[in-house]
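Shown next: upload-v7.txt, given as compact mmCIF, C-alpha atoms and all ligand atoms.
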# COMPACT_ATOMS: atom_id res chain seq x y z
CA MET A 1 15.02 33.69 9.79
CA PHE A 2 13.53 31.36 7.19
CA HIS A 3 15.20 28.23 5.93
CA GLN A 4 14.17 25.05 4.09
CA ASP A 5 13.09 23.26 7.26
CA MET A 6 10.37 25.83 7.80
CA ILE A 7 8.55 24.97 4.57
CA PHE A 8 5.51 22.83 5.24
CA SER A 9 2.45 21.76 3.33
CA HIS A 10 -1.03 21.09 4.62
CA HIS A 11 -3.71 19.21 2.73
CA MET A 12 -7.02 18.23 4.35
CA PRO A 13 -9.66 17.69 1.68
CA THR A 14 -12.08 15.62 3.82
CA ARG A 15 -15.44 17.21 4.50
CA ILE A 16 -16.37 16.51 8.11
CA ILE A 17 -19.89 16.47 9.50
CA TRP A 18 -19.72 16.15 13.24
CA GLY A 19 -22.24 15.99 16.05
CA GLU A 20 -24.88 13.89 17.78
CA GLY A 21 -27.32 12.54 15.23
CA SER A 22 -25.16 13.51 12.24
CA LEU A 23 -25.55 10.02 10.76
CA GLY A 24 -29.04 11.15 9.81
CA ARG A 25 -27.41 13.43 7.23
CA LEU A 26 -25.95 10.48 5.31
CA PRO A 27 -28.78 10.09 2.73
CA GLU A 28 -28.74 13.72 1.59
CA GLU A 29 -24.94 13.82 1.57
CA VAL A 30 -24.51 10.80 -0.71
CA ALA A 31 -27.69 11.12 -2.79
CA ALA A 32 -25.85 13.00 -5.54
CA ILE A 33 -23.36 10.15 -6.09
CA LYS A 34 -26.15 7.95 -7.54
CA ARG A 35 -23.83 5.03 -8.28
CA ARG A 36 -23.48 1.60 -6.78
CA CYS A 37 -21.47 1.48 -3.59
CA LEU A 38 -19.44 -1.20 -1.85
CA LEU A 39 -20.35 -1.12 1.84
CA VAL A 40 -17.30 -2.27 3.82
CA THR A 41 -17.55 -3.27 7.46
CA GLY A 42 -16.25 -5.72 10.06
CA ARG A 43 -17.71 -9.14 10.74
CA ARG A 44 -19.82 -8.43 13.81
CA ALA A 45 -19.92 -5.10 15.65
CA ALA A 46 -21.85 -2.94 13.15
CA ARG A 47 -24.40 -5.70 12.61
CA LEU A 48 -24.88 -6.37 16.34
CA SER A 49 -25.33 -2.70 17.22
CA GLY A 50 -27.94 -2.23 14.49
CA LEU A 51 -25.76 0.37 12.76
CA LEU A 52 -25.32 -1.67 9.60
CA GLU A 53 -29.07 -1.93 9.10
CA ARG A 54 -29.44 1.82 9.71
CA VAL A 55 -26.80 2.64 7.12
CA GLN A 56 -28.37 0.28 4.59
CA GLU A 57 -31.71 2.03 5.15
CA CYS A 58 -29.99 5.40 4.60
CA LEU A 59 -28.64 4.17 1.26
CA LEU A 60 -32.02 2.79 0.22
CA SER A 61 -33.72 6.08 1.04
CA ALA A 62 -31.14 7.85 -1.14
CA ARG A 63 -31.91 5.29 -3.92
CA ILE A 64 -28.34 4.02 -3.88
CA GLU A 65 -27.69 0.35 -4.57
CA SER A 66 -25.13 -1.20 -2.27
CA VAL A 67 -23.16 -4.42 -2.12
CA LEU A 68 -22.07 -5.59 1.32
CA PHE A 69 -18.51 -6.73 2.08
CA ASP A 70 -18.52 -7.64 5.78
CA GLN A 71 -15.39 -9.78 5.95
CA VAL A 72 -12.91 -7.29 7.42
CA GLU A 73 -11.00 -8.71 10.38
CA PRO A 74 -8.99 -6.70 12.95
CA ASN A 75 -5.65 -5.85 11.27
CA PRO A 76 -6.93 -6.55 7.73
CA THR A 77 -4.69 -8.70 5.54
CA VAL A 78 -3.70 -8.47 1.92
CA ASP A 79 -5.91 -11.55 1.19
CA THR A 80 -8.98 -9.80 2.63
CA ILE A 81 -8.34 -6.83 0.37
CA ARG A 82 -8.18 -9.17 -2.64
CA GLU A 83 -11.59 -10.60 -1.74
CA GLY A 84 -13.07 -7.11 -1.42
CA VAL A 85 -11.51 -6.02 -4.71
CA ALA A 86 -12.98 -9.05 -6.53
CA LEU A 87 -16.45 -8.25 -5.17
CA ALA A 88 -16.17 -4.54 -6.04
CA GLN A 89 -15.12 -5.37 -9.60
CA ASP A 90 -17.71 -8.12 -10.06
CA LYS A 91 -20.58 -5.89 -8.86
CA LYS A 92 -19.24 -2.77 -10.59
CA ALA A 93 -19.15 -0.66 -7.43
CA ARG A 94 -18.05 2.93 -8.08
CA TRP A 95 -17.46 4.21 -4.55
CA VAL A 96 -16.83 2.75 -1.12
CA LEU A 97 -18.62 3.41 2.16
CA ALA A 98 -16.65 2.34 5.25
CA VAL A 99 -18.61 1.72 8.45
CA GLY A 100 -16.47 0.62 11.37
CA GLY A 101 -13.14 1.18 13.08
CA GLY A 102 -9.69 1.62 11.63
CA SER A 103 -9.66 -1.86 10.13
CA ALA A 104 -12.85 -1.32 8.12
CA MET A 105 -11.72 2.13 6.98
CA ASP A 106 -8.21 1.02 5.99
CA ALA A 107 -9.61 -2.00 4.14
CA ALA A 108 -12.15 0.22 2.35
CA LYS A 109 -9.41 2.58 1.20
CA ALA A 110 -7.18 -0.23 -0.07
CA ILE A 111 -10.10 -1.82 -1.94
CA ALA A 112 -10.95 1.60 -3.42
CA MET A 113 -7.41 1.83 -4.75
CA MET A 114 -6.88 -1.73 -5.97
CA ALA A 115 -10.31 -2.19 -7.62
CA VAL A 116 -9.31 0.30 -10.32
CA ASN A 117 -5.63 -0.59 -10.69
CA GLU A 118 -3.67 -3.50 -12.09
CA GLY A 119 -0.91 -5.17 -10.15
CA GLU A 120 -0.18 -6.54 -6.70
CA ILE A 121 -0.99 -4.46 -3.66
CA ARG A 122 2.52 -5.10 -2.27
CA GLU A 123 3.97 -3.08 -5.17
CA PHE A 124 2.37 0.02 -3.71
CA PHE A 125 3.70 -0.39 -0.15
CA SER A 126 6.93 1.22 -1.27
CA GLY A 127 5.10 4.41 -2.21
CA ALA A 128 4.74 3.62 -5.94
CA ARG A 129 1.86 5.62 -7.42
CA PRO A 130 -1.02 3.70 -9.02
CA GLY A 131 -2.01 4.55 -12.60
CA HIS A 132 -5.56 5.48 -11.61
CA PRO A 133 -6.74 7.40 -8.54
CA PRO A 134 -8.70 5.35 -5.98
CA MET A 135 -12.50 5.34 -6.05
CA PRO A 136 -14.12 7.86 -3.68
CA VAL A 137 -14.41 6.77 -0.04
CA VAL A 138 -16.93 7.92 2.58
CA ALA A 139 -16.24 7.01 6.22
CA VAL A 140 -18.50 6.51 9.21
CA PRO A 141 -16.07 5.70 12.05
CA THR A 142 -17.41 3.71 15.00
CA THR A 143 -14.25 3.98 17.13
CA ALA A 144 -12.21 6.98 18.26
CA GLY A 145 -8.70 5.95 17.37
CA THR A 146 -7.03 5.54 14.01
CA GLY A 147 -8.03 8.88 12.50
CA SER A 148 -8.21 7.02 9.17
CA GLU A 149 -11.38 9.02 8.44
CA VAL A 150 -9.16 12.09 7.84
CA THR A 151 -5.86 10.64 6.58
CA PRO A 152 -4.48 9.58 3.17
CA PHE A 153 -3.18 6.29 4.66
CA SER A 154 -4.30 2.68 4.67
CA VAL A 155 -2.34 0.32 6.92
CA LEU A 156 -2.50 -3.40 6.12
CA THR A 157 -1.03 -6.56 7.59
CA ASP A 158 1.28 -8.82 5.65
CA VAL A 159 1.33 -12.01 7.73
CA SER A 160 4.16 -13.56 5.69
CA GLU A 161 6.41 -10.61 6.60
CA CYS A 162 5.11 -10.41 10.23
CA ASP A 163 4.63 -6.68 9.74
CA LYS A 164 2.27 -3.91 8.71
CA PHE A 165 2.65 -1.76 5.64
CA GLY A 166 0.98 1.38 4.50
CA LEU A 167 -0.53 2.73 1.32
CA ALA A 168 -0.50 6.49 0.95
CA HIS A 169 -2.20 8.50 -1.79
CA PRO A 170 -3.77 11.98 -1.75
CA ASN A 171 -7.03 10.49 -3.06
CA LEU A 172 -7.20 8.11 -0.09
CA PHE A 173 -8.45 10.96 2.08
CA PRO A 174 -12.15 10.12 2.43
CA ARG A 175 -14.35 12.62 0.56
CA LEU A 176 -16.64 12.78 3.55
CA ALA A 177 -16.42 11.65 7.18
CA ILE A 178 -19.54 11.56 9.32
CA LEU A 179 -18.55 11.76 12.98
CA ASP A 180 -21.59 10.88 15.03
CA PRO A 181 -20.63 10.18 18.67
CA GLU A 182 -23.82 8.16 19.15
CA VAL A 183 -22.41 5.36 16.97
CA THR A 184 -19.35 5.04 19.23
CA VAL A 185 -21.19 4.38 22.53
CA SER A 186 -21.48 0.65 21.86
CA MET A 187 -17.68 0.25 21.78
CA PRO A 188 -16.57 -2.29 24.42
CA GLU A 189 -14.23 -1.01 27.14
CA GLN A 190 -11.13 -2.64 25.70
CA VAL A 191 -11.78 -1.22 22.23
CA THR A 192 -12.34 2.22 23.77
CA VAL A 193 -8.99 2.02 25.56
CA ASN A 194 -6.95 0.47 22.76
CA SER A 195 -8.23 2.85 20.08
CA GLY A 196 -7.83 5.82 22.46
CA LEU A 197 -4.21 4.86 23.05
CA ASP A 198 -3.65 5.02 19.29
CA VAL A 199 -4.88 8.63 19.40
CA LEU A 200 -2.39 9.34 22.16
CA CYS A 201 0.47 7.88 20.10
CA HIS A 202 -0.54 9.84 16.99
CA ALA A 203 -0.69 13.12 18.90
CA VAL A 204 2.59 12.62 20.76
CA GLU A 205 4.47 11.43 17.67
CA ALA A 206 3.10 14.36 15.61
CA ILE A 207 4.42 16.82 18.21
CA PHE A 208 7.99 15.55 17.71
CA SER A 209 7.96 14.70 13.99
CA LYS A 210 10.54 16.39 11.81
CA LYS A 211 7.59 17.14 9.49
CA ARG A 212 5.75 19.01 12.25
CA SER A 213 4.56 22.59 11.75
CA ASP A 214 2.63 25.12 13.79
CA LEU A 215 -0.49 23.87 12.06
CA SER A 216 0.03 20.17 12.80
CA ASP A 217 0.95 21.21 16.34
CA LEU A 218 -2.41 22.93 16.80
CA TYR A 219 -4.17 19.68 15.99
CA ALA A 220 -1.81 17.44 17.95
CA ARG A 221 -1.86 19.52 21.14
CA ARG A 222 -5.64 19.91 21.02
CA ALA A 223 -5.92 16.15 20.56
CA ILE A 224 -3.85 15.43 23.69
CA ASP A 225 -5.78 18.01 25.71
CA ARG A 226 -9.10 16.45 24.80
CA LEU A 227 -7.86 12.90 25.22
CA ALA A 228 -6.52 13.52 28.74
CA THR A 229 -9.99 14.64 29.80
CA HIS A 230 -12.23 12.36 27.79
CA LEU A 231 -10.52 8.98 27.44
CA PRO A 232 -10.73 8.02 31.14
CA VAL A 233 -14.42 9.03 31.21
CA SER A 234 -15.22 7.21 27.94
CA ARG A 235 -13.81 4.07 29.54
CA THR A 236 -15.78 4.23 32.79
CA GLU A 237 -18.97 5.84 31.45
CA PRO A 238 -19.47 4.35 27.98
CA ALA A 239 -22.79 6.16 27.40
CA ASN A 240 -21.35 9.59 28.25
CA LEU A 241 -21.86 11.42 24.96
CA GLU A 242 -19.77 14.42 25.97
CA ALA A 243 -16.76 12.15 26.54
CA ARG A 244 -17.48 10.13 23.37
CA SER A 245 -17.74 13.37 21.37
CA GLY A 246 -14.51 14.64 22.88
CA MET A 247 -12.69 11.45 21.96
CA GLN A 248 -14.09 11.45 18.45
CA LEU A 249 -12.72 14.94 17.92
CA ALA A 250 -9.41 14.01 19.57
CA ALA A 251 -9.08 11.10 17.11
CA ALA A 252 -9.87 13.34 14.15
CA PHE A 253 -7.48 16.08 15.33
CA ALA A 254 -4.67 13.57 15.84
CA GLY A 255 -5.48 12.08 12.42
CA MET A 256 -5.22 15.52 10.81
CA ALA A 257 -1.88 16.01 12.55
CA ILE A 258 -0.39 12.73 11.27
CA ALA A 259 -1.83 13.38 7.80
CA ASP A 260 0.87 16.09 7.72
CA THR A 261 3.58 14.66 9.96
CA ALA A 262 3.22 10.87 9.48
CA THR A 263 4.05 8.59 12.42
CA LEU A 264 7.43 7.93 14.02
CA VAL A 265 9.55 5.16 15.51
CA PRO A 266 6.96 3.93 18.08
CA HIS A 267 4.57 3.07 15.24
CA ALA A 268 7.30 1.38 13.18
CA LEU A 269 8.37 -0.79 16.13
CA GLY A 270 4.79 -1.43 17.27
CA TYR A 271 3.66 -3.01 13.98
CA PRO A 272 5.56 -6.33 14.30
CA VAL A 273 4.52 -6.52 17.98
CA THR A 274 0.87 -6.36 16.90
CA VAL A 275 1.26 -8.97 14.17
CA ARG A 276 3.45 -11.42 16.14
CA TYR A 277 1.66 -11.20 19.51
CA ASP A 278 -1.83 -10.16 18.43
CA ILE A 279 -1.72 -7.09 20.65
CA PRO A 280 -4.11 -4.37 19.38
CA HIS A 281 -2.31 -1.63 17.44
CA GLY A 282 -2.88 1.28 19.86
CA ARG A 283 -1.82 -0.78 22.86
CA ALA A 284 1.27 -2.25 21.16
CA THR A 285 2.40 1.22 20.10
CA VAL A 286 1.80 2.93 23.43
CA LEU A 287 3.97 0.32 25.19
CA LEU A 288 6.93 1.81 23.30
CA LEU A 289 5.93 5.42 23.90
CA PRO A 290 7.36 6.04 27.42
CA ALA A 291 10.87 4.95 26.38
CA PHE A 292 10.51 7.07 23.24
CA LEU A 293 9.54 10.05 25.37
CA GLU A 294 12.65 9.46 27.50
CA ARG A 295 14.74 9.75 24.34
CA MET A 296 12.99 13.00 23.43
CA CYS A 297 13.68 14.37 26.93
CA ASP A 298 17.39 13.68 26.28
CA LEU A 299 17.33 16.03 23.28
CA GLU A 300 17.51 19.61 24.46
CA VAL A 301 15.52 21.07 21.59
CA GLN A 302 12.69 18.57 22.18
CA ARG A 303 12.45 19.11 25.94
CA PRO A 304 9.76 21.83 25.88
CA ARG A 305 7.59 19.60 23.67
CA ALA A 306 8.05 16.68 26.05
CA ALA A 307 7.22 19.00 28.97
CA TYR A 308 3.94 19.92 27.26
CA VAL A 309 2.98 16.24 27.04
CA GLY A 310 3.97 15.77 30.70
CA ARG A 311 1.99 18.82 31.81
CA VAL A 312 -1.21 17.68 30.08
CA LEU A 313 -0.86 14.17 31.48
CA GLY A 314 -0.21 15.45 35.01
CA GLU A 315 3.52 15.86 35.63
CA GLU A 316 5.53 18.41 33.68
CA ALA A 317 8.83 17.62 35.39
CA ASP A 318 8.81 13.95 34.38
CA PRO A 319 6.87 13.35 31.14
CA PRO A 320 7.66 9.60 30.81
CA LYS A 321 6.49 9.01 34.39
CA ALA A 322 3.29 10.97 33.72
CA LEU A 323 2.69 8.92 30.57
CA ARG A 324 3.19 5.59 32.35
CA ALA A 325 0.82 6.65 35.14
CA PHE A 326 -1.81 7.75 32.61
CA ILE A 327 -1.60 4.42 30.78
CA GLU A 328 -1.82 2.45 34.04
CA GLN A 329 -4.80 4.48 35.16
CA LEU A 330 -6.57 3.07 32.07
CA GLY A 331 -5.90 -0.46 33.29
CA VAL A 332 -3.04 -1.08 30.86
CA ALA A 333 0.26 -2.55 32.06
CA PRO A 334 2.87 -0.29 30.41
CA ARG A 335 5.42 -3.06 29.71
CA LEU A 336 5.87 -5.38 26.71
CA THR A 337 6.59 -8.41 28.89
CA ALA A 338 3.11 -8.16 30.42
CA TYR A 339 1.79 -9.39 27.06
CA GLY A 340 4.13 -12.33 26.47
CA PHE A 341 6.70 -10.39 24.46
CA GLN A 342 9.92 -12.38 24.10
CA GLU A 343 13.30 -10.71 24.12
CA LYS A 344 14.60 -13.10 21.46
CA ASP A 345 12.37 -11.41 18.84
CA ILE A 346 14.08 -8.04 19.23
CA PRO A 347 16.89 -8.52 16.66
CA MET A 348 14.42 -9.70 13.99
CA PHE A 349 12.01 -6.82 14.66
CA VAL A 350 14.89 -4.33 14.53
CA GLN A 351 16.15 -5.73 11.21
CA GLN A 352 12.76 -5.44 9.57
CA SER A 353 12.38 -1.86 10.84
CA LEU A 354 15.74 -0.50 9.74
CA ASP A 355 14.63 0.86 6.36
CA LYS A 356 11.21 2.14 7.43
CA LYS A 357 10.44 5.76 6.57
CA HIS A 358 9.43 6.48 10.17
CA LEU A 359 13.09 6.56 11.26
CA GLY A 360 14.15 9.46 9.06
CA ILE A 361 11.46 11.79 10.40
CA THR A 362 12.04 10.96 14.08
CA PRO A 363 14.37 13.39 15.90
CA GLY A 364 17.66 11.90 17.09
CA GLU A 365 19.73 9.07 15.75
CA TRP A 366 17.88 5.81 15.03
CA GLY A 367 20.29 3.03 14.07
CA GLU A 368 20.21 -0.64 15.01
CA GLN A 369 21.45 0.01 18.54
CA GLN A 370 18.93 2.75 19.35
CA LEU A 371 16.01 0.68 18.07
CA GLU A 372 17.13 -2.30 20.09
CA ASP A 373 17.50 -0.10 23.17
CA LEU A 374 13.97 1.23 22.74
CA TYR A 375 12.55 -2.30 22.78
CA ARG A 376 14.71 -3.27 25.77
CA GLN A 377 13.70 -0.19 27.76
CA SER A 378 10.05 -1.09 27.09
CA LEU A 379 10.29 -4.73 28.26
FE FE A 401 -1.78 4.35 14.76
Could you render the structure as structure tokens?
Ligand SMILES: [Fe+2]
Amino acid sequence: MFHQDMIFSHHMPTRIIWGEGSLGRLPEEVAAIKRRCLLVTGRRAARLSGLLERVQECLLSARIESVLFDQVEPNPTVDTIREGVALAQDKKARWVLAVGGGSAMDAAKAIAMMAVNEGEIREFFSGARPGHPPMPVVAVPTTAGTGSEVTPFSVLTDVSECDKFGLAHPNLFPRLAILDPEVTVSMPEQVTVNSGLDVLCHAVEAIFSKKRSDLSDLYARRAIDRLATHLPVSRTEPANLEARSGMQLAAAFAGMAIADTATLVPHALGYPVTVRYDIPHGRATVLLLPAFLERMCDLEVQRPRAAYVGRVLGEEADPPKALRAFIEQLGVAPRLTAYGFQEKDIPMFVQQSLDKKHLGITPGEWGEQQLEDLYRQSL
């Protein structure tokens, strides 16, 4: 029988070019744009690996002028976006090329939106629509994590609020994402693990989201399957291209899933942990995931979904236990207190999470008490 809950929409306008050596396709893919581009990247990694130079050569060979903005820090702030916007406007850039991890891509998207719109970026955190659509974005991800290369989201840090906030706009889907596993092999072990854990959180949260559908489920389940095989190998054998490819696809699949389903309570509660304790996003979020999975196991209708996660991670009968073991196997202590988390921060973090959209799309009841309990069970 059909009812309103069974209506879902799916929108995935990003063209993806995937495979070893696919970066070589960049010049022909962007040649038609012919306008000046703002090249957005982090402060070090792309330059050190030689990737930045390669991309600049690609643009030159396509006769595209570029302006470099290489000031994106991990967890990009509102101030960094302002700097990038000023440069884009001053140099009259007309599109944005992001080369880097989630931080570079999210910064690139926010700059693409704010360079053509009046007003303060904070005004758009609430979901207000800008007057003009963002400039086109092309993404070359160097990590396998965020999935930002295939989502309409940009997540930014507001230090004054000790939290992260998101922009969402259909035109924030990159026009093109080039997924070349060769550019991910230089990722350090900790970046591999932390970004991979973000993929795990996206896939698991998508499976339970109230906005889930059979289509988002296809992506989310495939993402977990691939991640369970390829993340441990990517960590121990960084040059293993099969594992790197598998993780790059897992990240994109999980990204496509959350583009439909959005993220749930673990992401909402993980944001202040990242900002306050400087714990990378994927790691901060995954620390809350086992207790979240326990809650899902308590809900009868969610049990088969939890069992799927448990089965893929090695123990169908006890999904939270399987998840903790999987995290530990990656060298990550699955407890907040292992990272200096202080219990006294819980009430403040709960208060600032109470009106987040994530709560309404998470199955079960999520009031003050339940959020507090989730933190406490993750200590
Ligand atoms: Fe995430």
Problem - Given 7 Å and all atoms listed in the file, residues near ligand FE 401 (chain A) as a list in words - result: Thr146, Asp198, Cys201, His202, His267, His281 and Gly282 of chain A
Of the listed residues A:Glu205, A:Ala32, A:Ala93, A:Asp79, that which approaches Arg63 of chain A most closely, counting only C-alpha atoms
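Closest residue, counting only C-alpha atoms: A:Ala32.
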- Task: Could you tell me which of A:Thr14, A:Gln302, A:Ser209, A:Ser353 comes closest to Pro152 of chain A if we count all atoms listed in the file?
- Result: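 Distance minimum relative to Pro152 of chain A lands on A:Thr14.
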- Residue with smallest distance to Gly310 of chain A - pool A:Val140, A:Ala268, A:Ile224, A:Leu59, counting only C-alpha atoms: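 When distances to Gly310 of chain A are compared using only C-alpha atoms, the smallest one comes from A:Ile224.
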- What lies within 9 Å of Gly21 of chain A using all atoms listed in the file, ignoring chain neighbours under 4 positions off, as a list in words?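 What passes the distance filter is Arg25, Asp180, Pro181, Glu182 and Val183 of chain A.
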Excluding same-chain residues fewer than 5 positions from Glu53 of chain A, what lies within 12 Å of it counting all atoms listed in the file, as a ChimeraX atom specification? /A:39,41,45-48,58-60,68,99
| Separation of atom CA of Gln351 of chain A from atom CA of Leu288 of chain A, in Å and rounded to one decimal |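 Going from atom CA of Gln351 of chain A over to atom CA of Leu288 of chain A, I get 17.0 Å.
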Can you work out the spacing between atom CA of Gln377 of chain A and atom CA of Ser154 of chain A in Å, to one decimal?
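Between these atoms lies a distance of 29.4 Å.
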>> Counting all atoms listed in the file, which residue out of A:Gly340, A:Gly102, A:Gly314, A:Gly84 sits closest to Val40 of chain A?
In response: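 The answer is A:Gly84, which sits nearest to Val40 of chain A.
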| For the atom pair atom CA of Tyr219 of chain A and atom CA of Val204 of chain A, what is the interatomic distance in Å to one decimal place? |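 Calculated distance between atom CA of Tyr219 of chain A and atom CA of Val204 of chain A is 10.9 Å.
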Using only C-alpha atoms, the shortest atom-to-atom distance to Thr261 of chain A among A:Thr285, A:Thr192, A:Thr80, A:Ser9 belongs to A:Ser9
(message) Could you check the closest approach to Glu328 of chain A for each of A:Gly364, A:Leu374, A:Ala254, A:Val193 and tell me which residue wins, using only C-alpha atoms?
(response)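 Distance minimum relative to Glu328 of chain A lands on A:Val193.
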Skip segment 119-123 of chain A itself and residues of its chain fewer than 4 positions away, then list as an mmCIF file with C-alpha atoms, keeping the file's coordinate frame all residues within 9 Å of it, counting only C-alpha atoms.
data_model
loop_
_atom_site.group_PDB
_atom_site.id
_atom_site.type_symbol
_atom_site.label_atom_id
_atom_site.label_comp_id
_atom_site.auth_asym_id
_atom_site.auth_seq_id
_atom_site.Cartn_x
_atom_site.Cartn_y
_atom_site.Cartn_z
ATOM 1 C CA VAL A 78 -3.700 -8.470 1.920
ATOM 2 C CA ILE A 81 -8.340 -6.830 0.370
ATOM 3 C CA ARG A 82 -8.180 -9.170 -2.640
ATOM 4 C CA ALA A 110 -7.180 -0.230 -0.070
ATOM 5 C CA MET A 114 -6.880 -1.730 -5.970
ATOM 6 C CA GLY A 127 5.100 4.410 -2.210
ATOM 7 C CA ALA A 128 4.740 3.620 -5.940
ATOM 8 C CA PRO A 130 -1.020 3.700 -9.020
ATOM 9 C CA ASP A 158 1.280 -8.820 5.650
ATOM 10 C CA PHE A 165 2.650 -1.760 5.640
ATOM 11 C CA LEU A 167 -0.530 2.730 1.320
#
Using only C-alpha atoms, find all polymer residues with an atom at most 12 Å away from the point (-0.6, -7.8, 12.4); report them as a PDB file with C-alpha atoms, keeping the file's coordinate frame.
ATOM      1  CA  GLU A  73     -11.000  -8.710  10.380  1.00  0.00           C
ATOM      2  CA  PRO A  74      -8.990  -6.700  12.950  1.00  0.00           C
ATOM      3  CA  ASN A  75      -5.650  -5.850  11.270  1.00  0.00           C
ATOM      4  CA  PRO A  76      -6.930  -6.550   7.730  1.00  0.00           C
ATOM      5  CA  THR A  77      -4.690  -8.700   5.540  1.00  0.00           C
ATOM      6  CA  VAL A  78      -3.700  -8.470   1.920  1.00  0.00           C
ATOM      7  CA  SER A 103      -9.660  -1.860  10.130  1.00  0.00           C
ATOM      8  CA  VAL A 155      -2.340   0.320   6.920  1.00  0.00           C
ATOM      9  CA  LEU A 156      -2.500  -3.400   6.120  1.00  0.00           C
ATOM     10  CA  THR A 157      -1.030  -6.560   7.590  1.00  0.00           C
ATOM     11  CA  ASP A 158       1.280  -8.820   5.650  1.00  0.00           C
ATOM     12  CA  VAL A 159       1.330 -12.010   7.730  1.00  0.00           C
ATOM     13  CA  SER A 160       4.160 -13.560   5.690  1.00  0.00           C
ATOM     14  CA  GLU A 161       6.410 -10.610   6.600  1.00  0.00           C
ATOM     15  CA  CYS A 162       5.110 -10.410  10.230  1.00  0.00           C
ATOM     16  CA  ASP A 163       4.630  -6.680   9.740  1.00  0.00           C
ATOM     17  CA  LYS A 164       2.270  -3.910   8.710  1.00  0.00           C
ATOM     18  CA  PHE A 165       2.650  -1.760   5.640  1.00  0.00           C
ATOM     19  CA  LEU A 269       8.370  -0.790  16.130  1.00  0.00           C
ATOM     20  CA  GLY A 270       4.790  -1.430  17.270  1.00  0.00           C
ATOM     21  CA  TYR A 271       3.660  -3.010  13.980  1.00  0.00           C
ATOM     22  CA  PRO A 272       5.560  -6.330  14.300  1.00  0.00           C
ATOM     23  CA  VAL A 273       4.520  -6.520  17.980  1.00  0.00           C
ATOM     24  CA  THR A 274       0.870  -6.360  16.900  1.00  0.00           C
ATOM     25  CA  VAL A 275       1.260  -8.970  14.170  1.00  0.00           C
ATOM     26  CA  ARG A 276       3.450 -11.420  16.140  1.00  0.00           C
ATOM     27  CA  TYR A 277       1.660 -11.200  19.510  1.00  0.00           C
ATOM     28  CA  ASP A 278      -1.830 -10.160  18.430  1.00  0.00           C
ATOM     29  CA  ILE A 279      -1.720  -7.090  20.650  1.00  0.00           C
ATOM     30  CA  PRO A 280      -4.110  -4.370  19.380  1.00  0.00           C
ATOM     31  CA  HIS A 281      -2.310  -1.630  17.440  1.00  0.00           C
ATOM     32  CA  GLY A 282      -2.880   1.280  19.860  1.00  0.00           C
ATOM     33  CA  ALA A 284       1.270  -2.250  21.160  1.00  0.00           C
TER      34      ALA A 284
END
